[in-house]
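Note: the block below is structure-v4.cif and it holds mmCIF, C-alpha atoms.
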data_query
loop_
_atom_site.label_atom_id
_atom_site.label_comp_id
_atom_site.auth_asym_id
_atom_site.auth_seq_id
_atom_site.Cartn_x
_atom_site.Cartn_y
_atom_site.Cartn_z
CA MET A 219 -0.39 0.50 -2.03
CA HIS A 220 -3.75 1.65 -3.40
CA LEU A 221 -3.55 3.55 -6.68
CA TYR A 222 -5.73 6.34 -5.30
CA PHE A 223 -3.41 7.06 -2.37
CA PHE A 224 -0.35 6.98 -4.62
CA LEU A 225 -1.90 9.45 -7.07
CA LEU A 226 -3.20 11.63 -4.25
CA VAL A 227 0.24 12.09 -2.72
CA VAL A 228 2.26 12.28 -5.93
CA LEU A 229 -0.09 14.68 -7.75
CA SER A 230 -0.36 16.93 -4.69
CA LEU A 231 3.40 17.22 -4.23
CA SER A 232 4.05 17.51 -7.98
CA CYS A 233 1.91 20.64 -8.18
CA ALA A 234 4.85 22.49 -6.62
CA SER A 235 6.60 22.14 -10.00
CA LEU A 236 3.83 23.95 -11.92
CA PRO A 237 4.78 27.18 -13.77
CA PRO A 238 4.71 30.10 -11.29
CA VAL A 239 1.72 32.43 -11.46
CA GLU A 240 0.74 35.55 -9.55
CA ALA A 241 -1.33 34.30 -6.63
CA SER A 242 -2.23 35.50 -3.16
CA LEU A 243 -1.85 32.92 -0.40
CA GLN A 244 -4.83 34.36 1.50
CA GLN A 245 -7.13 34.29 -1.53
CA ALA A 246 -5.99 30.80 -2.57
CA CYS A 247 -6.57 29.48 0.97
CA LEU A 248 -10.01 31.11 1.11
CA ALA A 249 -11.10 29.63 -2.23
CA THR A 250 -9.70 26.22 -1.28
CA GLY A 251 -11.41 26.34 2.11
CA CYS A 252 -14.78 27.15 0.54
CA MET A 253 -14.42 24.33 -1.99
CA LEU A 254 -13.44 21.77 0.64
CA SER A 255 -16.19 22.89 3.03
CA ALA A 256 -18.78 22.41 0.28
CA LEU A 257 -17.46 18.91 -0.44
CA ILE A 258 -17.46 17.95 3.25
CA LEU A 259 -21.07 19.11 3.53
CA LEU A 260 -22.03 17.24 0.35
CA CYS A 261 -20.50 13.97 1.64
CA HIS A 262 -22.44 14.13 4.90
CA ILE A 263 -25.69 15.12 3.15
CA SER A 264 -25.26 12.03 0.94
CA ALA A 265 -24.85 9.88 4.05
CA ARG A 266 -28.00 11.32 5.60
CA VAL A 267 -30.04 10.93 2.40
CA CYS A 268 -28.89 7.31 2.16
CA TRP A 269 -29.96 6.71 5.78
CA LYS A 270 -33.39 8.25 5.14
CA GLN A 271 -33.88 6.08 2.06
CA ILE A 272 -32.93 2.91 3.92
CA GLU A 273 -35.24 3.83 6.79
CA ARG A 274 -38.17 4.67 4.48
CA GLU A 275 -37.90 1.45 2.45
CA HIS A 276 -37.12 -0.73 5.52
CA LEU A 277 -33.95 -2.15 3.98
CA ASP A 278 -30.95 -3.68 5.70
CA ALA A 279 -28.57 -0.94 6.83
CA ARG A 280 -25.66 -2.86 5.30
CA VAL A 281 -27.21 -2.43 1.85
CA GLY A 282 -27.06 1.32 2.35
CA ALA A 283 -23.49 1.05 3.63
CA ASP A 284 -22.44 -0.67 0.40
CA LEU A 285 -24.25 1.95 -1.70
CA LEU A 286 -22.67 4.81 0.25
CA ASP A 287 -19.26 3.18 -0.01
CA ARG A 288 -19.54 3.23 -3.82
CA GLN A 289 -20.63 6.87 -3.73
CA MET A 290 -17.74 7.88 -1.49
CA THR A 291 -15.30 5.97 -3.69
CA ALA A 292 -16.53 8.01 -6.66
CA PHE A 293 -16.19 11.21 -4.58
CA ARG A 294 -12.60 10.32 -3.73
CA TRP A 295 -11.63 9.82 -7.37
CA LEU A 296 -13.40 13.03 -8.36
CA GLY A 297 -11.55 14.63 -5.47
CA LEU A 298 -8.27 14.23 -7.38
CA GLY A 299 -9.62 16.75 -9.88
CA ILE A 300 -10.66 19.06 -7.05
CA VAL A 301 -7.12 18.79 -5.61
CA ILE A 302 -5.65 19.94 -8.93
CA LEU A 303 -8.26 22.73 -9.08
CA CYS A 304 -7.30 23.96 -5.60
CA LEU A 305 -3.54 23.69 -6.06
CA ALA A 306 -3.26 24.75 -9.70
CA GLY A 307 -6.52 26.53 -10.56
CA PHE A 308 -6.73 28.62 -7.38
CA GLY A 309 -2.94 29.06 -7.36
CA LEU A 310 -2.41 27.57 -3.90
CA ALA A 311 0.70 25.63 -4.98
CA SER A 312 2.36 28.69 -6.56
CA ALA A 313 1.45 30.88 -3.59
CA VAL A 314 2.99 28.38 -1.16
CA VAL A 315 6.24 28.12 -3.12
CA GLN A 316 6.55 31.90 -3.54
CA THR A 317 5.68 32.94 0.02
CA PRO A 318 8.96 33.98 1.73
CA TYR A 319 8.46 32.16 5.04
CA LEU A 320 7.31 28.97 3.28
CA SER A 321 9.72 28.86 0.33
CA LYS A 322 12.59 27.76 2.60
CA THR A 323 10.86 24.80 4.23
CA LEU A 324 9.93 21.74 2.19
CA PHE A 325 8.13 20.25 5.18
CA LEU A 326 5.54 23.04 5.51
CA GLN A 327 5.11 23.21 1.74
CA ALA A 328 4.30 19.50 1.66
CA VAL A 329 1.86 19.81 4.58
CA ILE A 330 -0.11 22.53 2.77
CA LEU A 331 0.00 20.77 -0.60
CA LEU A 332 -1.29 17.51 0.93
CA THR A 333 -4.04 19.17 2.97
CA PRO A 334 -6.75 19.40 0.23
CA GLY A 335 -6.40 15.76 -0.82
CA LEU A 336 -6.29 14.42 2.73
CA THR A 337 -9.25 16.59 3.72
CA ILE A 338 -11.35 15.14 0.88
CA THR A 339 -10.33 11.60 1.81
CA VAL A 340 -11.11 12.06 5.52
CA ALA A 341 -14.44 13.71 4.61
CA THR A 342 -15.57 10.59 2.73
CA TRP A 343 -14.49 8.38 5.64
CA SER A 344 -16.34 10.67 8.04
CA ALA A 345 -19.53 10.42 5.94
CA GLU A 346 -19.33 6.62 6.00
CA GLN A 347 -18.84 6.60 9.78
CA TYR A 348 -21.66 9.15 10.18
CA TYR A 349 -24.00 6.79 8.30
CA ARG A 350 -22.95 3.86 10.50
CA GLY A 351 -23.78 5.92 13.56
CA LEU A 352 -27.18 6.98 12.20
CA THR A 353 -28.17 3.40 11.38
CA GLY A 354 -26.90 1.91 14.62
CA LEU A 355 -24.20 -0.16 12.94
CA ASP A 356 -21.64 1.60 15.13
CA ASP A 357 -21.41 3.99 18.06
CA LYS A 358 -22.13 7.59 16.99
CA HIS A 359 -20.33 9.29 19.89
CA PRO A 360 -18.01 12.06 18.57
CA CYS A 361 -14.97 10.61 20.33
CA HIS A 362 -15.56 7.19 18.76
CA HIS A 363 -16.14 8.90 15.39
CA ALA A 364 -12.77 10.67 15.64
CA LYS A 365 -11.06 7.48 16.80
CA CYS A 366 -12.37 5.55 13.77
CA LEU A 367 -11.12 8.24 11.40
CA TRP A 368 -7.68 8.16 13.01
CA GLN A 369 -7.56 4.36 12.83
CA ARG A 370 -8.47 4.45 9.14
CA PHE A 371 -5.86 7.10 8.39
CA ARG A 372 -3.31 5.18 10.41
CA GLY A 373 -3.98 1.93 8.56
CA THR A 374 -4.05 3.31 4.99
CA VAL A 375 -2.33 6.47 3.83
CA ALA A 376 -0.35 7.37 6.96
CA TRP A 377 2.51 5.00 6.12
CA LEU A 378 2.94 6.87 2.83
CA VAL A 379 2.43 10.45 4.04
CA LEU A 380 4.31 10.46 7.34
CA PRO A 381 7.62 9.04 5.99
CA ILE A 382 7.61 11.70 3.25
CA LEU A 383 6.98 14.48 5.76
CA LEU A 384 9.64 13.08 8.08
CA LEU A 385 12.21 12.94 5.26
CA LEU A 386 11.38 16.49 4.15
CA GLY A 387 11.67 17.67 7.76
CA MET A 388 15.12 16.06 8.03
CA THR A 389 16.09 17.67 4.73
CA ASP A 390 15.10 21.09 6.11
CA LEU A 391 17.18 20.39 9.20
CA ILE A 392 20.23 19.37 7.15
CA THR A 393 20.03 22.44 4.91
CA SER A 394 19.87 24.66 8.00
CA LEU A 395 23.21 23.27 9.25
CA PRO A 396 26.44 25.15 8.46
CA LEU A 397 27.39 22.80 5.62
CA GLY A 398 28.44 23.46 2.06
CA GLU A 399 26.07 22.63 -0.78
CA ALA A 400 27.99 19.48 -1.75
CA SER A 401 28.23 18.27 1.86
CA ALA A 402 24.53 18.89 2.46
CA ALA A 403 23.67 16.91 -0.69
CA ILE A 404 25.82 13.96 0.46
CA VAL A 405 24.31 13.95 3.96
CA THR A 406 20.78 14.15 2.52
CA THR A 407 21.45 11.24 0.15
CA LEU A 408 22.89 9.10 2.95
CA THR A 409 19.92 9.92 5.19
CA LEU A 410 17.51 8.84 2.45
CA LEU A 411 19.42 5.61 1.74
CA LEU A 412 19.51 4.69 5.44
CA PHE A 413 15.92 5.69 6.15
CA VAL A 414 14.36 3.33 3.56
CA PRO A 415 15.81 0.04 4.92
CA LEU A 416 16.13 1.08 8.59
CA GLY A 417 13.75 3.89 9.52
CA LEU A 418 10.75 3.07 7.35
CA PRO A 419 10.14 -0.46 8.77
CA TRP A 420 10.29 0.94 12.31
CA LEU A 421 7.83 3.68 11.42
CA ILE A 422 5.39 1.30 9.71
CA ARG A 423 5.51 -1.10 12.66
CA HIS A 424 4.53 1.70 15.04
CA LEU A 425 1.91 3.23 12.76
CA PHE A 426 -0.15 0.04 12.61
CA ARG A 427 -1.75 -1.33 15.76
CA THR A 428 0.13 -4.50 16.60
CA SER A 429 0.45 -6.90 19.51
CA ARG A 430 2.28 -10.10 20.40
CA LEU A 431 0.95 -13.42 19.17
CA ASP A 432 0.13 -16.25 21.54
CA LYS A 433 3.19 -18.40 22.17
CA PRO A 434 2.16 -21.57 20.26
CA THR A 435 1.17 -19.62 17.12
CA GLU A 436 4.27 -17.44 17.30
CA GLN A 437 6.48 -20.52 17.61
CA TRP A 438 4.74 -22.25 14.68
CA ILE A 439 5.09 -19.22 12.39
CA ASP A 440 8.70 -18.76 13.47
CA GLU A 441 9.38 -22.39 12.46
CA ILE A 442 7.93 -21.69 9.01
CA ILE A 443 9.97 -18.50 8.60
CA SER A 444 13.15 -20.20 9.78
CA ALA A 445 12.59 -23.20 7.47
CA ALA A 446 12.20 -20.71 4.61
CA GLY A 447 15.67 -19.37 5.43
CA LEU A 448 14.54 -16.08 6.98
CA LYS A 449 15.65 -16.15 10.58
CA ARG A 450 15.56 -13.02 12.78
CA THR A 451 12.21 -11.82 11.49
CA ARG A 452 9.88 -10.26 14.03
CA ILE A 453 6.28 -11.57 13.91
CA VAL A 454 3.35 -9.50 15.20
CA ARG A 455 -0.45 -9.62 15.22
CA TRP A 456 -1.89 -6.76 13.14
CA GLN A 457 -4.99 -5.46 14.96
CA THR A 458 -7.61 -4.42 12.38
CA GLY A 459 -10.73 -4.99 14.45
CA ASN A 460 -11.28 -8.25 12.54
CA ARG A 461 -12.00 -6.23 9.40
CA SER A 462 -9.13 -7.28 7.19
CA PHE A 463 -7.55 -10.44 5.81
CA ASN A 464 -4.00 -9.30 5.16
CA ALA A 465 -0.32 -9.89 5.72
CA MET A 466 2.72 -7.82 4.86
CA VAL A 467 6.42 -7.53 5.54
CA ALA A 468 7.91 -4.22 6.65
CA GLY A 469 11.61 -3.94 5.84
CA PHE A 470 14.10 -6.34 4.36
CA VAL A 471 17.14 -6.00 6.67
CA PRO A 472 17.13 -9.16 8.89
CA PRO A 473 17.24 -7.67 12.41
CA LEU A 474 14.65 -4.99 11.64
CA ARG A 475 12.14 -6.63 9.31
CA THR A 476 8.69 -7.42 10.65
CA LEU A 477 5.98 -9.79 9.44
CA LEU A 478 2.53 -8.36 10.17
CA ILE A 479 -0.43 -10.79 10.01
CA SER A 480 -3.92 -9.40 10.48
CA ASP A 481 -6.10 -10.61 13.32
CA ARG A 482 -8.77 -11.95 11.00
CA ALA A 483 -6.28 -13.99 8.98
CA LEU A 484 -4.87 -15.50 12.17
CA ASP A 485 -8.30 -16.28 13.61
CA GLU A 486 -10.21 -17.52 10.56
CA LEU A 487 -7.80 -19.10 8.09
CA PRO A 488 -7.07 -22.84 8.48
CA ARG A 489 -3.45 -23.60 9.34
CA SER A 490 -2.58 -24.95 5.90
CA GLU A 491 -3.90 -21.82 4.17
CA LEU A 492 -2.32 -19.50 6.73
CA SER A 493 1.03 -21.21 6.23
CA MET A 494 0.83 -20.48 2.49
CA VAL A 495 0.02 -16.81 3.13
CA ILE A 496 3.10 -16.66 5.35
CA LEU A 497 5.25 -18.40 2.73
CA HIS A 498 3.98 -15.96 0.10
CA GLU A 499 5.35 -13.09 2.20
CA ALA A 500 8.55 -15.06 2.84
CA ALA A 501 8.96 -15.48 -0.91
CA HIS A 502 8.79 -11.70 -1.35
CA LEU A 503 11.72 -11.41 1.05
CA ARG A 504 13.78 -14.24 -0.42
CA ARG A 505 13.40 -12.91 -3.97
CA PHE A 506 14.09 -9.26 -2.94
CA HIS A 507 10.82 -8.11 -4.48
CA VAL A 508 10.57 -4.89 -2.44
CA PRO A 509 13.99 -3.52 -3.51
CA LEU A 510 13.24 -4.65 -7.05
CA ARG A 511 10.00 -2.67 -7.12
CA MET A 512 11.81 0.37 -5.77
CA LEU A 513 14.47 0.09 -8.47
CA THR A 514 11.84 0.02 -11.21
CA ILE A 515 10.83 3.56 -10.19
CA VAL A 516 14.35 4.96 -10.65
CA PRO A 517 14.41 4.98 -14.51
CA ALA A 518 11.03 6.75 -14.59
CA TRP A 519 12.22 9.63 -12.43
CA LEU A 520 15.59 9.79 -14.19
CA LEU A 521 13.71 10.18 -17.46
CA GLY A 522 11.55 12.88 -15.90
CA ALA A 523 14.66 14.71 -14.67
CA PHE A 524 16.26 14.39 -18.12
CA ILE A 525 13.20 15.91 -19.81
CA SER A 526 13.12 18.75 -17.29
CA ARG A 527 16.81 19.41 -17.91
CA LEU A 528 16.31 19.20 -21.67
CA ALA A 529 13.55 21.80 -21.54
CA ASP A 530 15.43 23.98 -19.06
CA GLY A 531 14.46 27.62 -19.39
CA HIS A 532 10.80 26.94 -20.19
CA SER A 533 8.18 27.51 -17.52
CA TRP A 534 6.63 24.11 -18.18
CA ALA A 535 9.91 22.13 -17.90
CA MET A 536 9.46 20.86 -14.32
CA ALA A 537 5.75 20.14 -14.75
CA THR A 538 6.37 18.12 -17.94
CA GLY A 539 9.18 16.14 -16.34
CA SER A 540 7.01 15.35 -13.32
CA ALA A 541 4.09 14.25 -15.53
CA VAL A 542 6.32 11.91 -17.55
CA ALA A 543 7.86 10.48 -14.37
CA ILE A 544 4.43 9.82 -12.81
CA ALA A 545 3.10 8.15 -15.97
CA MET A 546 6.22 5.97 -16.30
CA THR A 547 6.05 5.04 -12.62
CA LEU A 548 2.46 3.85 -12.98
CA VAL A 549 3.41 1.60 -15.89
CA THR A 550 6.74 0.19 -14.64
CA LEU A 551 5.60 -0.34 -11.07
CA ARG A 552 2.47 -2.15 -12.24
CA ILE A 553 4.48 -4.52 -14.46
CA ALA A 554 7.00 -5.23 -11.70
CA ALA A 555 4.33 -5.69 -9.02
CA ILE A 556 2.22 -8.14 -11.03
CA ARG A 557 5.23 -10.22 -11.99
CA THR A 558 6.57 -10.31 -8.43
CA GLU A 559 3.16 -11.27 -7.01
CA GLN A 560 2.90 -14.24 -9.37
CA ASP A 561 6.51 -15.18 -8.67
CA ALA A 562 5.84 -15.06 -4.91
CA ASP A 563 2.90 -17.46 -5.35
CA VAL A 564 5.06 -19.96 -7.25
CA GLN A 565 7.99 -19.62 -4.86
CA ALA A 566 5.68 -20.15 -1.89
CA CYS A 567 4.56 -23.48 -3.37
CA GLN A 568 8.18 -24.51 -3.88
CA LEU A 569 9.11 -23.54 -0.33
CA ALA A 570 6.24 -25.61 1.05
CA ALA A 571 7.40 -28.65 -0.92
CA GLN A 572 11.00 -28.18 0.22
CA MET A 573 10.13 -28.13 3.92
CA THR A 574 8.09 -31.35 3.77
CA GLY A 575 8.08 -33.04 7.18
CA THR A 576 9.96 -30.25 8.95
CA VAL A 577 7.00 -28.05 9.97
CA ARG A 578 3.52 -29.30 10.81
CA ASP A 579 0.37 -28.08 9.02
CA VAL A 580 2.28 -27.05 5.89
CA PRO A 581 1.27 -28.63 2.53
CA THR A 582 3.71 -31.38 1.56
CA ASN A 583 3.84 -30.94 -2.21
CA CYS A 584 3.40 -28.23 -4.86
CA GLU A 585 -0.10 -29.36 -5.83
CA ASP A 586 -1.44 -29.25 -2.26
CA ALA A 587 0.37 -25.95 -1.67
CA ALA A 588 -1.18 -24.38 -4.78
CA ASN A 589 -4.63 -25.61 -3.73
CA ALA A 590 -4.19 -24.23 -0.19
CA LEU A 591 -3.03 -20.81 -1.38
CA SER A 592 -5.81 -20.71 -3.99
CA SER A 593 -8.36 -21.53 -1.30
CA ALA A 594 -6.91 -18.80 0.93
CA LEU A 595 -7.20 -16.21 -1.86
CA LEU A 596 -10.83 -17.16 -2.47
CA ARG A 597 -11.66 -17.14 1.24
CA ILE A 598 -9.98 -13.75 1.76
CA THR A 599 -12.00 -12.13 -1.04
CA VAL A 600 -15.34 -13.90 -0.51
CA GLU A 601 -16.95 -10.83 1.11
CA THR A 602 -15.50 -8.37 -1.41
CA PRO A 603 -15.87 -9.79 -4.94
CA SER A 604 -14.32 -6.62 -6.37
CA ALA A 605 -11.05 -7.57 -4.65
CA ARG A 606 -10.86 -10.63 -6.90
CA LYS A 607 -10.40 -8.40 -9.92
CA ALA A 608 -7.01 -7.16 -11.07
CA SER A 609 -5.86 -3.91 -9.46
CA TRP A 610 -2.90 -1.63 -10.01
CA LEU A 611 -0.40 -3.71 -8.04
CA HIS A 612 -2.12 -7.12 -7.96
CA PRO A 613 -3.18 -9.53 -10.71
CA GLY A 614 -6.70 -10.92 -10.53
CA VAL A 615 -7.30 -13.87 -8.20
CA SER A 616 -8.35 -16.13 -11.10
CA ARG A 617 -5.12 -15.32 -12.93
CA ARG A 618 -3.02 -16.07 -9.84
CA ILE A 619 -4.80 -19.38 -9.27
CA ALA A 620 -4.39 -20.40 -12.92
CA ASN A 621 -0.68 -19.53 -12.80
CA MET A 622 -0.18 -21.67 -9.67
CA GLN A 623 -2.12 -24.59 -11.10
CA VAL A 624 -0.01 -24.58 -14.27
CA PHE A 625 3.15 -24.55 -12.16
CA ALA A 626 1.89 -27.35 -9.88
CA THR A 627 0.96 -29.51 -12.88
CA ARG A 628 4.41 -29.07 -14.40
CA GLN A 629 6.06 -29.95 -11.11
CA THR A 630 3.89 -33.07 -10.75
CA VAL A 631 4.71 -34.23 -14.29
CA PHE A 632 8.40 -33.57 -13.75
CA SER A 633 8.35 -35.50 -10.45
CA GLU A 634 6.59 -38.47 -12.08
CA GLU A 635 9.06 -38.52 -14.97
CA THR A 636 11.98 -38.41 -12.55
CA THR A 637 10.51 -41.26 -10.48
CA SER A 638 9.88 -43.48 -13.52
CA ALA A 639 13.32 -42.71 -14.96
CA ALA A 640 15.13 -43.90 -11.83
CA PRO A 641 14.18 -47.66 -12.12
CA ASN A 642 14.94 -47.64 -15.85
CA ALA A 643 18.37 -46.22 -15.14
CA ALA A 644 18.97 -48.94 -12.56
CA VAL A 645 17.99 -51.68 -15.07
CA MET A 646 20.25 -50.23 -17.71
CA GLN A 647 23.14 -50.16 -15.25
CA GLN A 648 22.65 -53.84 -14.33
CA THR A 649 22.54 -54.81 -18.00
#
Show how you would write the structure in this file as C-alpha cells.
Amino acid sequence: MHLYFFLLVVLSLSCASLPPVEASLQQACLATGCMLSALILLCHISARVCWKQIEREHLDARVGADLLDRQMTAFRWLGLGIVILCLAGFGLASAVVQTPYLSKTLFLQAVILLTPGLTITVATWSAEQYYRGLTGLDDKHPCHHAKCLWQRFRGTVAWLVLPILLLLGMTDLITSLPLGEASAAIVTTLTLLLFVPLGLPWLIRHLFRTSRLDKPTEQWIDEIISAAGLKRTRIVRWQTGNRSFNAMVAGFVPPLRTLLISDRALDELPRSELSMVILHEAAHLRRFHVPLRMLTIVPAWLLGAFISRLADGHSWAMATGSAVAIAMTLVTLRIAAIRTEQDADVQACQLAAQMTGTVRDVPTNCEDAANALSSALLRITVETPSARKASWLHPGVSRRIANMQVFATRQTVFSEETTSAAPNAAVMQQT
C-alpha cells in the first residue's frame, strides 16, 4: 500500500469527524468544483509545456516523461492539502454530514468525501497519459486515454476504495432492516469480520487483470507452494502490460487465497530468482504477516476512540481522536511492515534450503537462496532507483540484502560447526 493512497483515503473520510460548521452544500460543491477544475487544467498545461520543451530542445521523450512524473508526484502530495481545503475549509464535509438526505447514508457520504482526492489523483494520471499521446509514446485516442486511466485506478487505489464503499453500503443496508440497535451492531460486526478474510480476496482478484498461467509454469509454482506447506492456493498471472515486477497474495484462508505474479516477473526473472520471490510471498502466509499487520492497527484506533470518549462534549473530540489514530497507525504499521518484510526474506531462504532436491530450479542452501533473492530485488528495481530506497511499508533494498547475507553467513557457520562436530562425537563414542 502506497503511503499517499492510504493518507488520501483516511484523511478524506476522517474529515467527516470535523467540528460542525454552518455550510451550504451548493456553495461548498461550487467552490470545490472550481478548485478541482483549476488543478485539472494546471496538470494538463504542465504536460503540454513539458512536451513543447522536449520538442524544442530535441530531447528524448522519455526524459520529459520522467520530469513530468516528478511534477505530478509533487502535485499529488500537494493535493492532500487541497483535499483538506475543500472538505474542511470550504465546509464540504460538514455540509455532507448535515444534509438530511445524505446524513443517513454512509455510502454516499464516503463517495462525496473521496471525490476531491480521487479527482486530483486521476487528473495527474490524465496529464501523464496526455503527454505520452502528444509525444507519440502511446496512442492518444480518447478511448485509449480513458482505458489507461481506468487500468491505473484499477491497479492502484481501487482495491482500497471499493472495499470501503462496499462495506459502507452493506452497513447502510443493515441499518435499514427492521433490527434493534444491538442486533444491527452484531450483524455489522460479523459482516466486517467475514468480509476481510472471505470477500476482500475475491474482490482484489477480480479488480486486477489476471489470467491463467501456462501449464508447465503453473505446475512448477504449485510444487513450490505445496513444498512450502501451502496447498490449495490459487496461482494467476497478473496482467500489468509488462510494466511491473511484482507479486502479492490476496487472502489467507486456504481455499480462497490467491497468489498473483506479474507478467513481467514471470517473463523476465530467471527461475531461481522467481522461486525466491514466490517463497517470499509464501513466507508471508506461513508467518501470518497480513493478520499481524491488521492487528497492529487495532490499538491505534482504540486509543483514538478512547481520546474521543475522554473529550466527549467538545466539538473537537472526534477530530482529535481521528488524528491520534491516524498518526499511531502510520507508526505502528510501518514498524510491523518493515519487520515482517525482513522476516519474510529470511524465512524464504530457510524454506528454499528445506526443500532441497524436491523442486527443480530452487536454490539448495541459504547462501544461494539469499543471493538469488538479492539479485531479484536488484533486477526488479534496476529501472527505478528510487524504489531501492526505504518506503513507508518496505525497508530499503540494501538493508534487506544485508539482513539476508548476515542470516546466510550464520547458517553457513552453524552448518559447518555441526558437520565438524559429528566426527568428533563419533571418535569420542568409540573411545
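Computed from the coordinates, the CA of Ser480 (chain A) to CA of Asn460 (chain A) distance equals 7.7 Å.
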Env of Pro509 (chain A): 12 Å cut, atoms = all atoms listed in the file, seq-sep filter 6 positions within chain, self excluded. Answer as a VMD selection string. chain A and resid 411 414 to 415 468 to 471 502 to 503 515 to 516 551 554 to 555 558
Cut-off 8 Å: closest region 287-324 of chain A/region 330-347 of chain A atom pairs per residue, using all atoms listed in the file, as a Markdown table:
| residue | atom | partner | partner_atom | distance |
| --- | --- | --- | --- | --- |
| A:Asp287 | CA | A:Glu346 | CA | 6.9 |
| A:Met290 | CA | A:Thr342 | CA | 5.5 |
| A:Thr291 | CA | A:Thr342 | CA | 7.9 |
| A:Phe293 | CA | A:Thr342 | CA | 7.4 |
| A:Arg294 | CA | A:Thr339 | CA | 6.1 |
| A:Gly297 | CA | A:Ile338 | CA | 6.4 |
| A:Leu298 | CA | A:Gly335 | CA | 7.0 |
| A:Val301 | CA | A:Gly335 | CA | 5.7 |
| A:Cys304 | CA | A:Pro334 | CA | 7.4 |
| A:Leu305 | CA | A:Leu331 | CA | 7.1 |
| A:Leu310 | CA | A:Leu331 | CA | 7.9 |
| A:Ala311 | CA | A:Leu331 | CA | 6.6 |
| A:Val314 | CA | A:Ile330 | CA | 7.7 |
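Summary of the local environment: counting all atoms listed in the file, residues at most 10 Å from Thr428 (chain A), other than itself and those fewer than 5 positions away along its chain, are Arg423, Ile453, Val454, Arg455, Trp456, Gln457, Thr458, Leu478, Ile479, Ser480 and Asp481 of chain A.
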Just checking: using all atoms listed in the file, which residue out of A:Ile422, A:Ala571, A:Trp295, A:Phe506 ends up closest to Thr630 (chain A)? A:Ala571
How far is it from CA of Ala537 (chain A) to CA of Pro237 (chain A), in Å with one decimal?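 Spanning CA of Ala537 (chain A) to CA of Pro237 (chain A) is a straight-line distance of 7.2 Å.
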Given only C-alpha atoms as the counted atoms, nearest of A:Ser462, A:Ser526, A:Val467, A:Leu510 to Glu486 (chain A):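 The shortest atom-to-atom distance to Glu486 (chain A) comes from A:Ser462.
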Separation of CA of His612 (chain A) from CA of His220 (chain A), in Å and rounded to one decimal: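 Between these atoms lies a distance of 10.0 Å.
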Result set of the PyMOL selection byres ((chain A and resi 261-268) around 7) on the coordinates above, as a VMD selection string: chain A and resid 257 to 260 269 to 272 282 286 341 to 342 345 to 346 348 to 349
Selection result for the PyMOL selection byres ((chain A and resi 543) around 12) on this file, as a VMD selection string: chain A and resid 228 to 229 232 514 to 526 536 to 542 544 to 551
